[in-house]
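Take a look at the structure set out below.
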Amino acid sequence: MSAKGIIVLGAPRSGTTLLRRILDAHPSIACPPETTLFGACARFLHEQPLDHGVQFGVVEGLCQAGFDEDEVLGRLRGLAFGFLEDHAAAADKPRWAEKTAADVFHLAGIERLCGSGVQYICMVRHGLDAAVSLAELTEKSGGYLAEIHRYIQQEHRPLVAYTNAWIDATRGLLDLVERRPDDAVLLRYEDLVADPLAALEPVFAHLGEPFGPEQLATALGHSSAGFGDWKTWSRNAIDASSVGRYRKAVSKHLRAELAPRINPVLERAGYAPIKAPKIAKIDAKKRMNLAMRMNALKGSGPVGG
Amino acid sequence: MGLNAGAVIAWLLENAGVDEDEVTADTLLFSTSLVDSFDMVDLVAWIEAEAGVQFGPLDINLDNLDSVERIVAFVASRSS
C-alpha cells in the first residue's frame with residue numbers, strides 16, 4: 001500500500017507545483033518536474049464511439065489482434081510507471097509522485113489506466129483566482145495549454161474560458177474524491193498557504209508517510225529545473241498573497257455573469273459563493289457616454305502606442 | 001437627499017474591488033486608477049439613484065468625482 005505511486009491533480013494554477021516541491025523534498029518520495037506521461041497515456045487510450053457501442057481506439061484495436069484490455073493497460077501502465085520508478089530509484093527513494101498541470105483534463109483516461117494502483121492528491125484553488133493566474137501565465141508564456149483550446153473556441157473572453165475550464169476540472173476532481181475515498185485526498189490551496197503543516201498533515205497521513213516542520217523547510221530550499229510553475233521557484237517561503245486576487249482582477253459585471261455557474265462548484269469545494277454584485281441599470285447609450293467622459297478625464301496622456 | 005462618506009466607501013468596497021485599507025475620504029479614486037472607468041460609471045449611476053441628483057455632462061469631472069469627500073460635497077451642493 002505505502003509503495004504506491006502518487007498522482008497530483010489540479011486545475012492549472014492551483015498550487016500543484018508548490019505541492020510537487022514539497023513531495024519531492026520528502027525523503028521517501030521522488031516527484032520530477034512535469035513529465036506529461038499520464039496525459040500522453042490518456043491520449044493513447046483515446047477512443048471514438050462508433051455504432052453498436054464499439055469504441056474505435058487502441059484498446060479495441062489490440063483486442064482484435066489478440067491482446068485483451070487488461071494486457072494493453074498493464075503494458076502501458078508498466079511503461080509509465082517504469083520511468084517514474086527508475087527516476088525514484090535514481091534519487092534513492094522508494095516512491096514516485098507525478099504532477100502535470102494538464103492531467104486534470106484527462107481524468108477518465110488516467111483513472112482507467114491507474115485505478116486503485118496509485119494514490120491521488122486532488123488540489124483545488126478558488127476558481128476565479130485560478131482563472132486570473134492562468135490569464136497571467138498565458139500572457140507571459142505567449143500561449144495556452146492545448147487542453148484549454150476548446151474552452152477558448154467556445155468563449156472568446158479568456159477569463160470566462162479559463163473559468164469554464166476550472167469548473168469542468170474541479171467537478172472532475174471532486175467526483176474522483178467522492179468516488180475513490182480510499183485512494184484520493186483533497187487539498188485546498190488556500191489551506192496550504194494559510195497553514196502548511198496543518199493542511200499537509202492529512203495529506204501525508206493519507207499517503208502513509210511521516211511529515212513534519214523540518215521537511216517543509218527542506219522543501220522550500222529544494223529545487224530542480226523542469227516544466228512547472230515559474231513563480232514558485234522565486235519563493236522560499238509559503239505565503240497567502242495570491243489568495244483573493246480575483247476581487248481586483250475580475251470586474252463585477254463578469255462576477256455577476258459567472259456567479260450562477262461557478263458558485264455551485266465553489267460551494268462544493270468548500271468555498272464561499274462569490275457575490276453577484278448589483279449592476280446599475282443604466283441605458284446603454286448613457287453608459288457609453290458616461291464611460292467616454294470618464295476616459296476623457298484621463299485624456300492628458302499621449303495618443304497611440 | 002444627501003449622501004455620506006460611509007455609504008460611498010461601503011459602495012466602493014462592495015462593488016469596485018477596493019480594500020478597506022485603500023480608501024479614505026480623501027483618497028483619489030479615478031486619477032490614481034484605484035477605480036476604473038466601468039466602476040466609475042456604476043458609481044455615478046448609484047449616486048444619482050441614491051442621492052436623487054443628476055450629473056450633467058459638465059459635472060463629470062475630477063473635481064466632483066475623484067474622491068469620496070468630493071462626491072459628498074458635490075451631492076451636498078445639489079441637495080441644498
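Residues in the C-alpha cells are numbered from 1 in each chain, the chains being A, B, ... in the order shown, and ligands are numbered from 1 in the order shown.
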### Query
What residues in chain A have any atom no more than 12 Å from chain B when counting only C-alpha atoms, and can you write them as number ranges by chain?
A: 244-256, 274-301
### DSSP-assigned alpha helix (DSSP H) among chain B, expressed as a PyMOL selection string
chain B and resi 5-15+37-51+62-65+68-79
### Message
Excluding Ile110 in chain A and its own-chain neighbours fewer than 5 positions away, which residues fall within 8 Å of it when counting only C-alpha atoms? Please give them as a list in words.
### Response
Phe38, Gly39, Cys41, Ala42, Asp103 and Gly115 of chain A
### Task
Go through A:Phe211, A:Phe83, A:Tyr120, A:Phe105 and flag the residue nearest Asp183 in chain A, using only C-alpha atoms for the distances.
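Ranking A:Phe211, A:Phe83, A:Tyr120, A:Phe105 by distance to Asp183 in chain A, first place goes to A:Tyr120.
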### Message
Quick check, in Å to one decimal: how far apart do CA of Val193 in chain A and CA of Gly172 in chain A lie?
### Response
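Those two atoms sit 23.2 Å apart.
Here the strand (DSSP E) residues in range 134-195 of chain A, by DSSP on the backbone, are Ala184, Val185, Leu186, Leu187 and Arg188 of chain A.
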Could you save the residues just selected, with C-alpha atoms, as a compact mmCIF listing (two decimals), in the first residue's frame?
# COMPACT_ATOMS: atom_id res chain seq x y z
CA ALA A 184 -7.92 10.18 -3.21
CA VAL A 185 -7.46 13.10 -0.83
CA LEU A 186 -8.46 16.71 -1.35
CA LEU A 187 -6.16 19.63 -0.58
CA ARG A 188 -7.17 23.27 -0.89
### Message
Please list as a VMD selection string every residue within 9 Å of range 57-73 of chain A, counting only C-alpha atoms and excluding residues in the same chain fewer than 2 positions away.
### Response
chain A and resid 44 to 49 54 to 55 75 to 78 112 to 114
Produce a file of the selected residues containing C-alpha atoms, as a PDB file, in the first residue's frame.
ATOM      1  CA  PHE A  44      -3.019   6.950 -26.268  1.00  0.00           C
ATOM      2  CA  LEU A  45      -6.192   5.415 -24.848  1.00  0.00           C
ATOM      3  CA  HIS A  46      -8.499   7.919 -26.523  1.00  0.00           C
ATOM      4  CA  GLU A  47     -11.450   6.254 -28.215  1.00  0.00           C
ATOM      5  CA  GLN A  48     -14.146   7.295 -30.625  1.00  0.00           C
ATOM      6  CA  PRO A  49     -17.550   5.679 -30.179  1.00  0.00           C
ATOM      7  CA  VAL A  54     -17.991  -0.190 -30.443  1.00  0.00           C
ATOM      8  CA  GLN A  55     -15.148   2.040 -29.249  1.00  0.00           C
ATOM      9  CA  ARG A  75       1.761  -2.785 -20.587  1.00  0.00           C
ATOM     10  CA  LEU A  76       1.025   0.922 -20.853  1.00  0.00           C
ATOM     11  CA  ARG A  77       0.983   1.247 -17.068  1.00  0.00           C
ATOM     12  CA  GLY A  78       4.299  -0.569 -16.928  1.00  0.00           C
ATOM     13  CA  ARG A 112      -8.807   3.939 -16.359  1.00  0.00           C
ATOM     14  CA  LEU A 113      -5.056   3.368 -16.550  1.00  0.00           C
ATOM     15  CA  CYS A 114      -4.171   3.653 -12.881  1.00  0.00           C
TER      16      CYS A 114
END
### Query
Leaving out range 66-76 of chain B and any residue of its chain fewer than 5 positions from it, which residues lie within 9 Å of it when counting only C-alpha atoms, given as a list in words?
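These residues fall inside the cut-off: Met1, Gly2, Leu3, Asn4, Ala5, Gly6, Val8, Ile9, Val23, Thr24, Ala25, Asp26, Thr27, Leu28, Leu29, Phe30, Ser31, Thr32, Ile47, Ala51, Gly52, Val53, Asp59 and Asn61 of chain B.
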Could you write out that same residue set with N, CA and C atoms as a PDB file, in the first residue's frame?
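again-v5.pdb, freshly written:
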ATOM      1  N   MET B   1     -32.085  64.597  -0.949  1.00  0.00           N
ATOM      2  CA  MET B   1     -31.401  63.509  -0.243  1.00  0.00           C
ATOM      3  C   MET B   1     -29.900  63.766  -0.246  1.00  0.00           C
ATOM      4  N   GLY B   2     -29.257  63.502   0.864  1.00  0.00           N
ATOM      5  CA  GLY B   2     -27.806  63.648   0.931  1.00  0.00           C
ATOM      6  C   GLY B   2     -27.118  62.308   0.771  1.00  0.00           C
ATOM      7  N   LEU B   3     -25.831  62.352   0.917  1.00  0.00           N
ATOM      8  CA  LEU B   3     -25.047  61.125   0.803  1.00  0.00           C
ATOM      9  C   LEU B   3     -23.873  61.265   1.767  1.00  0.00           C
ATOM     10  N   ASN B   4     -23.627  60.278   2.598  1.00  0.00           N
ATOM     11  CA  ASN B   4     -22.485  60.427   3.500  1.00  0.00           C
ATOM     12  C   ASN B   4     -21.299  59.590   3.033  1.00  0.00           C
ATOM     13  N   ALA B   5     -20.138  59.941   3.576  1.00  0.00           N
ATOM     14  CA  ALA B   5     -18.895  59.308   3.129  1.00  0.00           C
ATOM     15  C   ALA B   5     -18.914  57.803   3.394  1.00  0.00           C
ATOM     16  N   GLY B   6     -19.499  57.410   4.512  1.00  0.00           N
ATOM     17  CA  GLY B   6     -19.522  55.983   4.843  1.00  0.00           C
ATOM     18  C   GLY B   6     -20.264  55.168   3.804  1.00  0.00           C
ATOM     19  N   VAL B   8     -20.629  55.904   0.627  1.00  0.00           N
ATOM     20  CA  VAL B   8     -19.847  55.844  -0.621  1.00  0.00           C
ATOM     21  C   VAL B   8     -18.713  54.832  -0.473  1.00  0.00           C
ATOM     22  N   ILE B   9     -18.049  54.871   0.672  1.00  0.00           N
ATOM     23  CA  ILE B   9     -16.951  53.915   0.895  1.00  0.00           C
ATOM     24  C   ILE B   9     -17.498  52.485   0.891  1.00  0.00           C
ATOM     25  N   VAL B  23      -8.863  52.962   1.035  1.00  0.00           N
ATOM     26  CA  VAL B  23      -9.701  54.120   0.748  1.00  0.00           C
ATOM     27  C   VAL B  23     -10.104  54.858   2.023  1.00  0.00           C
ATOM     28  N   THR B  24      -9.900  56.176   1.968  1.00  0.00           N
ATOM     29  CA  THR B  24     -10.423  57.073   2.999  1.00  0.00           C
ATOM     30  C   THR B  24     -11.178  58.172   2.259  1.00  0.00           C
ATOM     31  N   ALA B  25     -11.668  59.127   3.006  1.00  0.00           N
ATOM     32  CA  ALA B  25     -12.490  60.158   2.377  1.00  0.00           C
ATOM     33  C   ALA B  25     -11.724  60.961   1.330  1.00  0.00           C
ATOM     34  N   ASP B  26     -10.425  61.124   1.513  1.00  0.00           N
ATOM     35  CA  ASP B  26      -9.682  61.965   0.556  1.00  0.00           C
ATOM     36  C   ASP B  26      -8.810  61.156  -0.415  1.00  0.00           C
ATOM     37  N   THR B  27      -8.948  59.845  -0.423  1.00  0.00           N
ATOM     38  CA  THR B  27      -8.194  59.027  -1.384  1.00  0.00           C
ATOM     39  C   THR B  27      -8.638  59.356  -2.809  1.00  0.00           C
ATOM     40  N   LEU B  28      -7.669  59.556  -3.702  1.00  0.00           N
ATOM     41  CA  LEU B  28      -8.013  59.815  -5.106  1.00  0.00           C
ATOM     42  C   LEU B  28      -8.395  58.487  -5.762  1.00  0.00           C
ATOM     43  N   LEU B  29      -9.540  58.477  -6.370  1.00  0.00           N
ATOM     44  CA  LEU B  29     -10.109  57.219  -6.855  1.00  0.00           C
ATOM     45  C   LEU B  29      -9.767  56.933  -8.307  1.00  0.00           C
ATOM     46  N   PHE B  30     -10.116  57.854  -9.169  1.00  0.00           N
ATOM     47  CA  PHE B  30     -10.021  57.595 -10.605  1.00  0.00           C
ATOM     48  C   PHE B  30      -8.677  58.009 -11.188  1.00  0.00           C
ATOM     49  N   SER B  31      -8.168  59.149 -10.765  1.00  0.00           N
ATOM     50  CA  SER B  31      -6.901  59.634 -11.335  1.00  0.00           C
ATOM     51  C   SER B  31      -5.734  58.731 -10.951  1.00  0.00           C
ATOM     52  N   THR B  32      -5.902  57.948  -9.899  1.00  0.00           N
ATOM     53  CA  THR B  32      -4.844  57.011  -9.492  1.00  0.00           C
ATOM     54  C   THR B  32      -5.107  55.601  -9.996  1.00  0.00           C
ATOM     55  N   ILE B  47     -24.978  56.976  -7.367  1.00  0.00           N
ATOM     56  CA  ILE B  47     -25.135  58.274  -6.691  1.00  0.00           C
ATOM     57  C   ILE B  47     -26.439  58.933  -7.140  1.00  0.00           C
ATOM     58  N   ALA B  51     -28.919  59.456  -4.189  1.00  0.00           N
ATOM     59  CA  ALA B  51     -28.993  60.825  -3.669  1.00  0.00           C
ATOM     60  C   ALA B  51     -30.028  61.675  -4.402  1.00  0.00           C
ATOM     61  N   GLY B  52     -30.567  61.148  -5.473  1.00  0.00           N
ATOM     62  CA  GLY B  52     -31.586  61.891  -6.204  1.00  0.00           C
ATOM     63  C   GLY B  52     -31.038  63.109  -6.918  1.00  0.00           C
ATOM     64  N   VAL B  53     -29.783  63.035  -7.333  1.00  0.00           N
ATOM     65  CA  VAL B  53     -29.200  64.142  -8.102  1.00  0.00           C
ATOM     66  C   VAL B  53     -28.884  63.637  -9.508  1.00  0.00           C
ATOM     67  N   ASP B  59     -20.711  68.017 -15.270  1.00  0.00           N
ATOM     68  CA  ASP B  59     -20.465  67.610 -13.874  1.00  0.00           C
ATOM     69  C   ASP B  59     -19.518  66.417 -13.772  1.00  0.00           C
ATOM     70  N   ASN B  61     -16.457  65.349 -13.840  1.00  0.00           N
ATOM     71  CA  ASN B  61     -15.065  65.813 -13.787  1.00  0.00           C
ATOM     72  C   ASN B  61     -14.431  65.362 -12.471  1.00  0.00           C
TER      73      ASN B  61
END
### Query
In Å, with one decimal, what is the gap from CA of Lys93 in chain A to CA of Ser28 in chain A?
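For CA of Lys93 in chain A relative to CA of Ser28 in chain A, the distance reads 5.0 Å.
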### Summary
CA of Arg261 in chain A sits from CA of Asp239 in chain A at a separation of 29.1 Å
### Query
If you count only C-alpha atoms, which residues fall within 8 Å of Ile152 in chain A, apart from same-chain ones fewer than 4 positions away, as a list in words?
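Counting only the stated atoms, we get Ile148, His156, Arg157, Pro158, Ala161 and Tyr162 of chain A.
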